[in-house]
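Colleague: Hey, dropping input-v2.txt in here, compact mmCIF, N, CA and C atoms:
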# COMPACT_ATOMS: atom_id res chain seq x y z
N MET A 16 -104.57 13.88 -187.13
CA MET A 16 -103.52 14.76 -186.72
C MET A 16 -103.15 15.67 -187.88
N ARG A 17 -103.01 16.93 -187.64
CA ARG A 17 -102.64 17.88 -188.69
C ARG A 17 -101.14 18.08 -188.66
N VAL A 18 -100.57 18.23 -189.83
CA VAL A 18 -99.15 18.49 -189.96
C VAL A 18 -98.96 19.95 -190.31
N ARG A 19 -98.20 20.64 -189.49
CA ARG A 19 -97.91 22.04 -189.80
C ARG A 19 -96.79 22.08 -190.82
N GLY A 20 -96.64 23.21 -191.47
CA GLY A 20 -95.49 23.40 -192.34
C GLY A 20 -95.69 23.04 -193.78
N ARG A 21 -96.91 22.74 -194.20
CA ARG A 21 -97.11 22.46 -195.61
C ARG A 21 -96.98 23.74 -196.39
N GLU A 22 -96.36 23.68 -197.53
CA GLU A 22 -96.16 24.85 -198.36
C GLU A 22 -97.42 25.14 -199.17
N GLU A 23 -97.72 26.40 -199.35
CA GLU A 23 -98.83 26.80 -200.21
C GLU A 23 -98.25 27.10 -201.58
N ARG A 24 -98.70 26.39 -202.59
CA ARG A 24 -98.19 26.59 -203.93
C ARG A 24 -98.93 27.74 -204.61
N ARG A 25 -98.37 28.22 -205.69
CA ARG A 25 -98.99 29.34 -206.41
C ARG A 25 -100.36 29.00 -206.96
N ASP A 26 -100.59 27.73 -207.25
CA ASP A 26 -101.90 27.36 -207.77
C ASP A 26 -102.93 27.14 -206.66
N GLY A 27 -102.52 27.40 -205.40
CA GLY A 27 -103.45 27.30 -204.28
C GLY A 27 -103.52 25.94 -203.63
N ARG A 28 -102.92 24.93 -204.25
CA ARG A 28 -102.94 23.59 -203.66
C ARG A 28 -101.80 23.47 -202.65
N ALA A 29 -101.99 22.61 -201.68
CA ALA A 29 -100.94 22.41 -200.69
C ALA A 29 -99.86 21.52 -201.28
N GLY A 30 -98.63 21.87 -201.02
CA GLY A 30 -97.50 21.06 -201.45
C GLY A 30 -96.86 20.42 -200.25
N GLY A 31 -96.21 19.31 -200.46
CA GLY A 31 -95.56 18.62 -199.36
C GLY A 31 -94.14 19.06 -199.17
N PRO A 32 -93.51 18.67 -198.07
CA PRO A 32 -92.14 19.03 -197.79
C PRO A 32 -91.17 18.30 -198.70
N SER A 33 -90.24 19.01 -199.24
CA SER A 33 -89.13 18.43 -199.99
C SER A 33 -89.59 17.40 -201.02
N GLY A 34 -90.66 17.68 -201.71
CA GLY A 34 -91.13 16.76 -202.75
C GLY A 34 -92.04 15.66 -202.24
N ALA A 35 -92.37 15.67 -200.96
CA ALA A 35 -93.28 14.66 -200.42
C ALA A 35 -94.66 14.86 -201.03
N ARG A 36 -95.41 13.79 -201.11
CA ARG A 36 -96.76 13.86 -201.67
C ARG A 36 -97.77 14.24 -200.60
N VAL A 37 -98.83 14.92 -201.00
CA VAL A 37 -99.92 15.22 -200.09
C VAL A 37 -101.10 14.37 -200.53
N ASP A 38 -101.62 13.54 -199.62
CA ASP A 38 -102.69 12.60 -199.92
C ASP A 38 -103.86 12.89 -198.99
N GLY A 39 -104.92 13.47 -199.54
CA GLY A 39 -106.08 13.78 -198.72
C GLY A 39 -105.78 14.75 -197.60
N GLY A 40 -104.87 15.69 -197.85
CA GLY A 40 -104.51 16.67 -196.83
C GLY A 40 -103.44 16.19 -195.88
N ARG A 41 -102.97 14.96 -196.04
CA ARG A 41 -101.94 14.41 -195.16
C ARG A 41 -100.65 14.21 -195.94
N VAL A 42 -99.55 14.63 -195.34
CA VAL A 42 -98.24 14.49 -195.98
C VAL A 42 -97.83 13.03 -195.97
N ARG A 43 -97.27 12.59 -197.09
CA ARG A 43 -96.73 11.23 -197.20
C ARG A 43 -95.23 11.33 -197.44
N LEU A 44 -94.47 10.64 -196.62
CA LEU A 44 -93.01 10.62 -196.75
C LEU A 44 -92.58 9.29 -197.34
N SER A 45 -91.69 9.34 -198.30
CA SER A 45 -91.19 8.13 -198.95
C SER A 45 -89.74 7.90 -198.57
N ALA A 46 -89.16 6.85 -199.10
CA ALA A 46 -87.76 6.53 -198.84
C ALA A 46 -86.85 7.68 -199.27
N ALA A 47 -87.23 8.41 -200.31
CA ALA A 47 -86.42 9.53 -200.79
C ALA A 47 -86.31 10.61 -199.72
N GLU A 48 -87.40 10.96 -199.07
CA GLU A 48 -87.36 11.98 -198.02
C GLU A 48 -86.72 11.45 -196.74
N LEU A 49 -86.97 10.18 -196.44
CA LEU A 49 -86.46 9.60 -195.21
C LEU A 49 -84.98 9.27 -195.28
N GLY A 50 -84.48 9.02 -196.48
CA GLY A 50 -83.08 8.61 -196.62
C GLY A 50 -82.86 7.16 -196.23
N ALA A 51 -83.94 6.40 -196.08
CA ALA A 51 -83.88 4.98 -195.71
C ALA A 51 -85.18 4.33 -196.13
N GLN A 52 -85.16 3.01 -196.16
CA GLN A 52 -86.35 2.26 -196.54
C GLN A 52 -87.35 2.27 -195.39
N PRO A 53 -88.60 2.68 -195.64
CA PRO A 53 -89.62 2.64 -194.58
C PRO A 53 -90.01 1.21 -194.24
N GLY A 54 -90.66 1.06 -193.10
CA GLY A 54 -91.13 -0.26 -192.68
C GLY A 54 -92.31 -0.71 -193.52
N ARG A 55 -92.50 -2.01 -193.59
CA ARG A 55 -93.60 -2.58 -194.37
C ARG A 55 -94.95 -2.22 -193.75
N ARG A 56 -95.04 -2.20 -192.41
CA ARG A 56 -96.30 -1.89 -191.72
C ARG A 56 -96.34 -0.48 -191.16
N ALA A 57 -95.21 0.02 -190.67
CA ALA A 57 -95.15 1.35 -190.06
C ALA A 57 -93.69 1.77 -189.94
N THR A 58 -93.49 3.08 -189.75
CA THR A 58 -92.14 3.61 -189.60
C THR A 58 -92.13 4.62 -188.46
N LEU A 59 -91.14 4.48 -187.58
CA LEU A 59 -90.91 5.43 -186.50
C LEU A 59 -89.79 6.35 -186.96
N VAL A 60 -90.11 7.62 -187.21
CA VAL A 60 -89.13 8.59 -187.70
C VAL A 60 -88.74 9.49 -186.55
N GLN A 61 -87.43 9.56 -186.28
CA GLN A 61 -86.91 10.36 -185.18
C GLN A 61 -86.04 11.47 -185.74
N PHE A 62 -86.37 12.72 -185.40
CA PHE A 62 -85.52 13.86 -185.73
C PHE A 62 -84.65 14.13 -184.51
N SER A 63 -83.32 14.10 -184.72
CA SER A 63 -82.36 14.25 -183.64
C SER A 63 -81.33 15.30 -183.98
N SER A 64 -80.56 15.69 -182.96
CA SER A 64 -79.40 16.55 -183.16
C SER A 64 -78.24 15.96 -182.38
N ALA A 65 -77.04 16.34 -182.76
CA ALA A 65 -75.82 15.70 -182.25
C ALA A 65 -75.68 15.77 -180.73
N PHE A 66 -76.00 16.89 -180.12
CA PHE A 66 -75.75 17.07 -178.70
C PHE A 66 -76.99 16.94 -177.84
N CYS A 67 -78.00 16.31 -178.38
CA CYS A 67 -79.28 16.15 -177.69
C CYS A 67 -79.24 14.88 -176.84
N GLN A 68 -79.23 15.05 -175.52
CA GLN A 68 -79.17 13.91 -174.61
C GLN A 68 -80.45 13.06 -174.69
N PRO A 69 -81.65 13.64 -174.69
CA PRO A 69 -82.86 12.82 -174.79
C PRO A 69 -82.95 12.06 -176.12
N CYS A 70 -82.25 12.54 -177.15
CA CYS A 70 -82.28 11.85 -178.45
C CYS A 70 -81.66 10.46 -178.34
N ARG A 71 -80.64 10.32 -177.52
CA ARG A 71 -79.98 9.02 -177.35
C ARG A 71 -80.92 8.01 -176.70
N ALA A 72 -81.61 8.44 -175.67
CA ALA A 72 -82.57 7.55 -175.02
C ALA A 72 -83.74 7.24 -175.95
N THR A 73 -84.17 8.24 -176.71
CA THR A 73 -85.26 8.02 -177.67
C THR A 73 -84.85 7.01 -178.73
N ARG A 74 -83.61 7.09 -179.20
CA ARG A 74 -83.08 6.14 -180.18
C ARG A 74 -83.19 4.71 -179.65
N ARG A 75 -82.81 4.51 -178.40
CA ARG A 75 -82.87 3.17 -177.80
C ARG A 75 -84.32 2.67 -177.70
N ILE A 76 -85.21 3.55 -177.25
CA ILE A 76 -86.62 3.18 -177.10
C ILE A 76 -87.23 2.80 -178.45
N LEU A 77 -87.02 3.65 -179.46
CA LEU A 77 -87.63 3.38 -180.77
C LEU A 77 -87.03 2.15 -181.43
N ALA A 78 -85.73 1.95 -181.28
CA ALA A 78 -85.10 0.76 -181.85
C ALA A 78 -85.64 -0.50 -181.19
N GLU A 79 -85.84 -0.43 -179.88
CA GLU A 79 -86.37 -1.59 -179.16
C GLU A 79 -87.80 -1.91 -179.61
N VAL A 80 -88.64 -0.89 -179.74
CA VAL A 80 -90.02 -1.11 -180.18
C VAL A 80 -90.04 -1.63 -181.62
N ALA A 81 -89.22 -1.05 -182.48
CA ALA A 81 -89.17 -1.52 -183.87
C ALA A 81 -88.72 -2.98 -183.94
N GLY A 82 -87.84 -3.38 -183.04
CA GLY A 82 -87.40 -4.77 -182.99
C GLY A 82 -88.45 -5.72 -182.47
N MET A 83 -89.40 -5.20 -181.70
CA MET A 83 -90.46 -6.03 -181.12
C MET A 83 -91.62 -6.27 -182.09
N VAL A 84 -91.85 -5.32 -182.99
CA VAL A 84 -93.02 -5.39 -183.86
C VAL A 84 -92.57 -5.64 -185.30
N GLU A 85 -92.98 -6.75 -185.84
CA GLU A 85 -92.60 -7.12 -187.21
C GLU A 85 -93.12 -6.10 -188.22
N GLY A 86 -92.27 -5.73 -189.17
CA GLY A 86 -92.65 -4.81 -190.23
C GLY A 86 -92.55 -3.35 -189.86
N VAL A 87 -91.99 -3.05 -188.69
CA VAL A 87 -91.82 -1.66 -188.24
C VAL A 87 -90.35 -1.30 -188.32
N ALA A 88 -90.06 -0.15 -188.93
CA ALA A 88 -88.68 0.33 -189.05
C ALA A 88 -88.50 1.60 -188.22
N HIS A 89 -87.27 1.80 -187.76
CA HIS A 89 -86.90 3.04 -187.06
C HIS A 89 -85.91 3.77 -187.95
N VAL A 90 -86.24 5.02 -188.29
CA VAL A 90 -85.38 5.85 -189.13
C VAL A 90 -85.03 7.10 -188.34
N GLU A 91 -83.74 7.36 -188.18
CA GLU A 91 -83.31 8.56 -187.48
C GLU A 91 -82.78 9.57 -188.49
N ILE A 92 -83.24 10.81 -188.37
CA ILE A 92 -82.85 11.88 -189.28
C ILE A 92 -82.14 12.96 -188.48
N ASP A 93 -80.94 13.34 -188.93
CA ASP A 93 -80.20 14.42 -188.30
C ASP A 93 -80.86 15.73 -188.71
N ALA A 94 -81.45 16.42 -187.74
CA ALA A 94 -82.20 17.65 -188.03
C ALA A 94 -81.33 18.72 -188.66
N GLU A 95 -80.07 18.79 -188.28
CA GLU A 95 -79.17 19.81 -188.82
C GLU A 95 -78.84 19.56 -190.29
N GLU A 96 -78.79 18.30 -190.68
CA GLU A 96 -78.49 17.96 -192.07
C GLU A 96 -79.72 18.06 -192.97
N ARG A 97 -80.92 17.99 -192.41
CA ARG A 97 -82.15 18.01 -193.20
C ARG A 97 -83.03 19.18 -192.82
N LEU A 98 -82.45 20.39 -192.80
CA LEU A 98 -83.19 21.58 -192.42
C LEU A 98 -84.40 21.82 -193.32
N ASP A 99 -84.31 21.44 -194.59
CA ASP A 99 -85.45 21.61 -195.49
C ASP A 99 -86.66 20.82 -194.99
N LEU A 100 -86.43 19.59 -194.61
CA LEU A 100 -87.51 18.74 -194.11
C LEU A 100 -87.99 19.21 -192.74
N VAL A 101 -87.06 19.61 -191.89
CA VAL A 101 -87.40 20.12 -190.55
C VAL A 101 -88.32 21.33 -190.67
N ARG A 102 -87.96 22.26 -191.52
CA ARG A 102 -88.78 23.46 -191.69
C ARG A 102 -90.13 23.14 -192.30
N ALA A 103 -90.14 22.29 -193.30
CA ALA A 103 -91.39 21.95 -193.99
C ALA A 103 -92.37 21.23 -193.07
N LEU A 104 -91.85 20.43 -192.14
CA LEU A 104 -92.72 19.68 -191.23
C LEU A 104 -92.97 20.42 -189.92
N GLY A 105 -92.35 21.58 -189.75
CA GLY A 105 -92.56 22.36 -188.53
C GLY A 105 -91.95 21.73 -187.30
N ILE A 106 -90.82 21.05 -187.47
CA ILE A 106 -90.12 20.44 -186.33
C ILE A 106 -89.44 21.58 -185.56
N GLU A 107 -89.77 21.71 -184.27
CA GLU A 107 -89.25 22.82 -183.48
C GLU A 107 -88.23 22.41 -182.44
N LYS A 108 -88.19 21.14 -182.08
CA LYS A 108 -87.22 20.68 -181.09
C LYS A 108 -86.88 19.22 -181.33
N THR A 109 -85.77 18.81 -180.77
CA THR A 109 -85.38 17.41 -180.86
C THR A 109 -85.36 16.83 -179.45
N PRO A 110 -85.74 15.57 -179.32
CA PRO A 110 -86.23 14.71 -180.39
C PRO A 110 -87.70 14.99 -180.70
N THR A 111 -88.03 14.83 -181.95
CA THR A 111 -89.42 14.79 -182.40
C THR A 111 -89.62 13.47 -183.11
N VAL A 112 -90.69 12.77 -182.80
CA VAL A 112 -90.97 11.46 -183.37
C VAL A 112 -92.25 11.54 -184.20
N LEU A 113 -92.17 11.03 -185.41
CA LEU A 113 -93.33 10.88 -186.28
C LEU A 113 -93.61 9.40 -186.45
N VAL A 114 -94.87 9.01 -186.40
CA VAL A 114 -95.26 7.64 -186.68
C VAL A 114 -95.95 7.64 -188.04
N LEU A 115 -95.38 6.88 -188.98
CA LEU A 115 -95.93 6.79 -190.33
C LEU A 115 -96.63 5.45 -190.51
N ASP A 116 -97.73 5.46 -191.24
CA ASP A 116 -98.39 4.20 -191.57
C ASP A 116 -97.68 3.56 -192.77
N ALA A 117 -98.20 2.45 -193.25
CA ALA A 117 -97.55 1.71 -194.34
C ALA A 117 -97.45 2.54 -195.63
N ALA A 118 -98.35 3.51 -195.82
CA ALA A 118 -98.33 4.36 -197.01
C ALA A 118 -97.43 5.57 -196.83
N GLY A 119 -96.82 5.73 -195.65
CA GLY A 119 -95.93 6.86 -195.40
C GLY A 119 -96.65 8.10 -194.89
N ARG A 120 -97.94 7.98 -194.54
CA ARG A 120 -98.68 9.12 -194.00
C ARG A 120 -98.40 9.27 -192.51
N ILE A 121 -98.26 10.51 -192.06
CA ILE A 121 -98.01 10.79 -190.65
C ILE A 121 -99.31 10.61 -189.89
N VAL A 122 -99.31 9.66 -188.93
CA VAL A 122 -100.52 9.40 -188.15
C VAL A 122 -100.39 9.87 -186.71
N ARG A 123 -99.18 10.03 -186.21
CA ARG A 123 -98.94 10.54 -184.86
C ARG A 123 -97.64 11.35 -184.87
N ARG A 124 -97.56 12.30 -183.94
CA ARG A 124 -96.40 13.17 -183.83
C ARG A 124 -96.23 13.54 -182.36
N ALA A 125 -94.98 13.51 -181.88
CA ALA A 125 -94.71 13.89 -180.49
C ALA A 125 -93.33 14.51 -180.40
N ALA A 126 -93.21 15.53 -179.56
CA ALA A 126 -91.92 16.17 -179.30
C ALA A 126 -91.47 15.77 -177.90
N GLY A 127 -90.18 15.59 -177.73
CA GLY A 127 -89.63 15.17 -176.45
C GLY A 127 -89.45 13.67 -176.41
N MET A 128 -88.81 13.20 -175.34
CA MET A 128 -88.54 11.77 -175.21
C MET A 128 -89.82 11.02 -174.87
N PRO A 129 -90.19 10.07 -175.73
CA PRO A 129 -91.44 9.32 -175.49
C PRO A 129 -91.23 8.18 -174.49
N ARG A 130 -92.32 7.75 -173.90
CA ARG A 130 -92.28 6.54 -173.09
C ARG A 130 -92.54 5.36 -174.03
N LYS A 131 -91.96 4.24 -173.71
CA LYS A 131 -92.10 3.05 -174.54
C LYS A 131 -93.56 2.67 -174.75
N VAL A 132 -94.36 2.73 -173.69
CA VAL A 132 -95.77 2.36 -173.78
C VAL A 132 -96.52 3.31 -174.73
N ASP A 133 -96.13 4.59 -174.76
CA ASP A 133 -96.78 5.55 -175.64
C ASP A 133 -96.43 5.28 -177.11
N VAL A 134 -95.20 4.84 -177.36
CA VAL A 134 -94.78 4.51 -178.73
C VAL A 134 -95.58 3.31 -179.22
N ILE A 135 -95.71 2.31 -178.37
CA ILE A 135 -96.46 1.11 -178.74
C ILE A 135 -97.93 1.47 -179.02
N ALA A 136 -98.51 2.33 -178.18
CA ALA A 136 -99.90 2.76 -178.40
C ALA A 136 -100.03 3.55 -179.69
N ALA A 137 -99.06 4.40 -180.01
CA ALA A 137 -99.11 5.19 -181.24
C ALA A 137 -99.01 4.30 -182.47
N LEU A 138 -98.28 3.20 -182.36
CA LEU A 138 -98.19 2.25 -183.48
C LEU A 138 -99.55 1.65 -183.79
N GLY A 139 -100.39 1.55 -182.79
CA GLY A 139 -101.74 1.02 -182.99
C GLY A 139 -102.53 1.83 -184.00
N ALA A 140 -102.25 3.13 -184.09
CA ALA A 140 -102.94 3.98 -185.06
C ALA A 140 -102.38 3.79 -186.48
N ALA A 141 -101.20 3.23 -186.56
CA ALA A 141 -100.53 3.10 -187.86
C ALA A 141 -100.72 1.73 -188.49
N VAL A 142 -100.83 0.69 -187.68
CA VAL A 142 -100.92 -0.67 -188.24
C VAL A 142 -102.32 -1.22 -188.20
Rewrite the coordinates I just gave you, this time as structure tokens.

Modeller:
Amino acid sequence: MRVRGREERRDGRAGGPSGARVDGGRVRLSAAELGAQPGRRATLVQFSSAFCQPCRATRRILAEVAGMVEGVAHVEIDAEERLDLVRALGIEKTPTVLVLDAAGRIVRRAAGMPRKVDVIAALGAAV
């Protein structure tokens, strides 16, 4: 999966969003960018906004899946408060869900409210 929004640095190398590392062309997000501790095996990152109705349902779905799978964390990021990260990652609507592997690399990305079965399947690519 390709991540849009990587910055082009003056030296020609790709830079990551808000200080994130780029590993083999893939952005890696750490606890510093997430504002929370990532999961040991995988992390479900949700970009939300205050008045987004589907964001509430997405929060419940991701929290439930994270509770079912050991070592998986759910981190919710307020898109309005983290515009730097939103712009750098090319987030265009809420909710947007990123699935990170144990190293913090983005392995799946989806916009809109996900189905529980799709979240579980996406975790398969991360763990």

Colleague: Taking the DSSP secondary structure from the backbone, can you list the residues of region 22-140 of chain A that are alpha helix (DSSP H), as a PyMOL selection string?

Modeller: chain A and resi 46-49+68-83+98-104+131-140

Colleague: I want to know what sits within 6 Å of Ala126 (chain A), based on all atoms listed in the file, with residues of the same chain fewer than 4 positions away left out; could you give that as JSON, numbers by chain?

Modeller: {"A": [110, 111, 112]}

Colleague: Quick one, how far is atom C of Leu113 (chain A) from atom N of Leu59 (chain A)?

Modeller: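 According to the coordinates, atom C of Leu113 (chain A) and atom N of Leu59 (chain A) are separated by 5.6 Å.
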
Colleague: Between A:Ala46, A:Val84, A:Ala51, A:Ala141, single out the one closest to Ala117 (chain A), counting all atoms listed in the file.

Modeller: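 Using all atoms listed in the file, the shortest distance to Ala117 (chain A) belongs to A:Ala141.
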
Colleague: Counting only C-alpha atoms, figure out which residue out of A:Cys70, A:Ala125, A:Ala136, A:Leu115 gets nearest to Val42 (chain A).

Modeller: A:Leu115

Colleague: In Å, how far is it from CA of Ser64 (chain A) to atom N of Met83 (chain A)?

Modeller: 24.0 Å

Colleague: When you get a chance, write out all heavy atoms for region 53-64 of chain A, as a PDB file, keeping the file's coordinate frame.

Modeller:
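Result file rebuild-v2.pdb:
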ATOM      1  N   PRO A  53     -88.600   2.680-195.640  1.00  0.00           N
ATOM      2  CA  PRO A  53     -89.620   2.640-194.580  1.00  0.00           C
ATOM      3  C   PRO A  53     -90.010   1.210-194.240  1.00  0.00           C
ATOM      4  O   PRO A  53     -89.745   0.283-194.999  1.00  0.00           O
ATOM      5  CB  PRO A  53     -90.796   3.414-195.177  1.00  0.00           C
ATOM      6  CG  PRO A  53     -90.584   3.371-196.644  1.00  0.00           C
ATOM      7  CD  PRO A  53     -89.123   3.199-196.892  1.00  0.00           C
ATOM      8  N   GLY A  54     -90.660   1.060-193.100  1.00  0.00           N
ATOM      9  CA  GLY A  54     -91.130  -0.260-192.680  1.00  0.00           C
ATOM     10  C   GLY A  54     -92.310  -0.710-193.520  1.00  0.00           C
ATOM     11  O   GLY A  54     -93.050   0.102-194.070  1.00  0.00           O
ATOM     12  N   ARG A  55     -92.500  -2.010-193.590  1.00  0.00           N
ATOM     13  CA  ARG A  55     -93.600  -2.580-194.370  1.00  0.00           C
ATOM     14  C   ARG A  55     -94.950  -2.220-193.750  1.00  0.00           C
ATOM     15  O   ARG A  55     -95.913  -1.959-194.458  1.00  0.00           O
ATOM     16  CB  ARG A  55     -93.410  -4.094-194.445  1.00  0.00           C
ATOM     17  CG  ARG A  55     -94.429  -4.833-195.276  1.00  0.00           C
ATOM     18  CD  ARG A  55     -94.110  -6.310-195.404  1.00  0.00           C
ATOM     19  NE  ARG A  55     -93.621  -6.948-194.189  1.00  0.00           N
ATOM     20  CZ  ARG A  55     -94.398  -7.373-193.182  1.00  0.00           C
ATOM     21  NH1 ARG A  55     -95.707  -7.212-193.241  1.00  0.00           N
ATOM     22  NH2 ARG A  55     -93.878  -7.949-192.114  1.00  0.00           N
ATOM     23  N   ARG A  56     -95.040  -2.200-192.410  1.00  0.00           N
ATOM     24  CA  ARG A  56     -96.300  -1.890-191.720  1.00  0.00           C
ATOM     25  C   ARG A  56     -96.340  -0.480-191.160  1.00  0.00           C
ATOM     26  O   ARG A  56     -97.399   0.142-191.133  1.00  0.00           O
ATOM     27  CB  ARG A  56     -96.518  -2.888-190.592  1.00  0.00           C
ATOM     28  CG  ARG A  56     -96.716  -4.304-191.097  1.00  0.00           C
ATOM     29  CD  ARG A  56     -96.872  -5.286-189.973  1.00  0.00           C
ATOM     30  NE  ARG A  56     -98.073  -5.012-189.188  1.00  0.00           N
ATOM     31  CZ  ARG A  56     -98.256  -5.461-187.968  1.00  0.00           C
ATOM     32  NH1 ARG A  56     -97.349  -6.185-187.376  1.00  0.00           N
ATOM     33  NH2 ARG A  56     -99.366  -5.169-187.320  1.00  0.00           N
ATOM     34  N   ALA A  57     -95.210   0.020-190.670  1.00  0.00           N
ATOM     35  CA  ALA A  57     -95.150   1.350-190.060  1.00  0.00           C
ATOM     36  C   ALA A  57     -93.690   1.770-189.940  1.00  0.00           C
ATOM     37  O   ALA A  57     -92.781   0.938-190.009  1.00  0.00           O
ATOM     38  CB  ALA A  57     -95.806   1.352-188.689  1.00  0.00           C
ATOM     39  N   THR A  58     -93.490   3.080-189.750  1.00  0.00           N
ATOM     40  CA  THR A  58     -92.140   3.610-189.600  1.00  0.00           C
ATOM     41  C   THR A  58     -92.130   4.620-188.460  1.00  0.00           C
ATOM     42  O   THR A  58     -93.007   5.470-188.368  1.00  0.00           O
ATOM     43  CB  THR A  58     -91.658   4.317-190.892  1.00  0.00           C
ATOM     44  OG1 THR A  58     -91.796   3.409-191.991  1.00  0.00           O
ATOM     45  CG2 THR A  58     -90.209   4.750-190.789  1.00  0.00           C
ATOM     46  N   LEU A  59     -91.140   4.480-187.580  1.00  0.00           N
ATOM     47  CA  LEU A  59     -90.910   5.430-186.500  1.00  0.00           C
ATOM     48  C   LEU A  59     -89.790   6.350-186.960  1.00  0.00           C
ATOM     49  O   LEU A  59     -88.654   5.913-187.116  1.00  0.00           O
ATOM     50  CB  LEU A  59     -90.503   4.701-185.218  1.00  0.00           C
ATOM     51  CG  LEU A  59     -91.509   3.681-184.689  1.00  0.00           C
ATOM     52  CD1 LEU A  59     -90.895   2.864-183.557  1.00  0.00           C
ATOM     53  CD2 LEU A  59     -92.766   4.390-184.218  1.00  0.00           C
ATOM     54  N   VAL A  60     -90.110   7.620-187.210  1.00  0.00           N
ATOM     55  CA  VAL A  60     -89.130   8.590-187.700  1.00  0.00           C
ATOM     56  C   VAL A  60     -88.740   9.490-186.550  1.00  0.00           C
ATOM     57  O   VAL A  60     -89.589  10.112-185.912  1.00  0.00           O
ATOM     58  CB  VAL A  60     -89.707   9.434-188.856  1.00  0.00           C
ATOM     59  CG1 VAL A  60     -88.677  10.440-189.343  1.00  0.00           C
ATOM     60  CG2 VAL A  60     -90.173   8.541-189.989  1.00  0.00           C
ATOM     61  N   GLN A  61     -87.430   9.560-186.280  1.00  0.00           N
ATOM     62  CA  GLN A  61     -86.910  10.360-185.180  1.00  0.00           C
ATOM     63  C   GLN A  61     -86.040  11.470-185.740  1.00  0.00           C
ATOM     64  O   GLN A  61     -85.076  11.215-186.447  1.00  0.00           O
ATOM     65  CB  GLN A  61     -86.096   9.483-184.240  1.00  0.00           C
ATOM     66  CG  GLN A  61     -85.402  10.256-183.139  1.00  0.00           C
ATOM     67  CD  GLN A  61     -84.508   9.378-182.287  1.00  0.00           C
ATOM     68  OE1 GLN A  61     -84.540   8.147-182.385  1.00  0.00           O
ATOM     69  NE2 GLN A  61     -83.700  10.005-181.456  1.00  0.00           N
ATOM     70  N   PHE A  62     -86.370  12.720-185.400  1.00  0.00           N
ATOM     71  CA  PHE A  62     -85.520  13.860-185.730  1.00  0.00           C
ATOM     72  C   PHE A  62     -84.650  14.130-184.510  1.00  0.00           C
ATOM     73  O   PHE A  62     -85.157  14.342-183.412  1.00  0.00           O
ATOM     74  CB  PHE A  62     -86.356  15.091-186.082  1.00  0.00           C
ATOM     75  CG  PHE A  62     -86.985  14.998-187.438  1.00  0.00           C
ATOM     76  CD1 PHE A  62     -88.203  14.379-187.617  1.00  0.00           C
ATOM     77  CD2 PHE A  62     -86.328  15.508-188.549  1.00  0.00           C
ATOM     78  CE1 PHE A  62     -88.779  14.279-188.872  1.00  0.00           C
ATOM     79  CE2 PHE A  62     -86.894  15.409-189.815  1.00  0.00           C
ATOM     80  CZ  PHE A  62     -88.116  14.797-189.972  1.00  0.00           C
ATOM     81  N   SER A  63     -83.320  14.100-184.720  1.00  0.00           N
ATOM     82  CA  SER A  63     -82.360  14.250-183.640  1.00  0.00           C
ATOM     83  C   SER A  63     -81.330  15.300-183.980  1.00  0.00           C
ATOM     84  O   SER A  63     -81.215  15.735-185.120  1.00  0.00           O
ATOM     85  CB  SER A  63     -81.616  12.921-183.413  1.00  0.00           C
ATOM     86  OG  SER A  63     -82.507  11.908-183.048  1.00  0.00           O
ATOM     87  N   SER A  64     -80.560  15.690-182.960  1.00  0.00           N
ATOM     88  CA  SER A  64     -79.400  16.550-183.160  1.00  0.00           C
ATOM     89  C   SER A  64     -78.240  15.960-182.380  1.00  0.00           C
ATOM     90  O   SER A  64     -78.424  15.178-181.446  1.00  0.00           O
ATOM     91  CB  SER A  64     -79.699  17.983-182.742  1.00  0.00           C
ATOM     92  OG  SER A  64     -80.173  18.032-181.419  1.00  0.00           O
TER      93      SER A  64
END
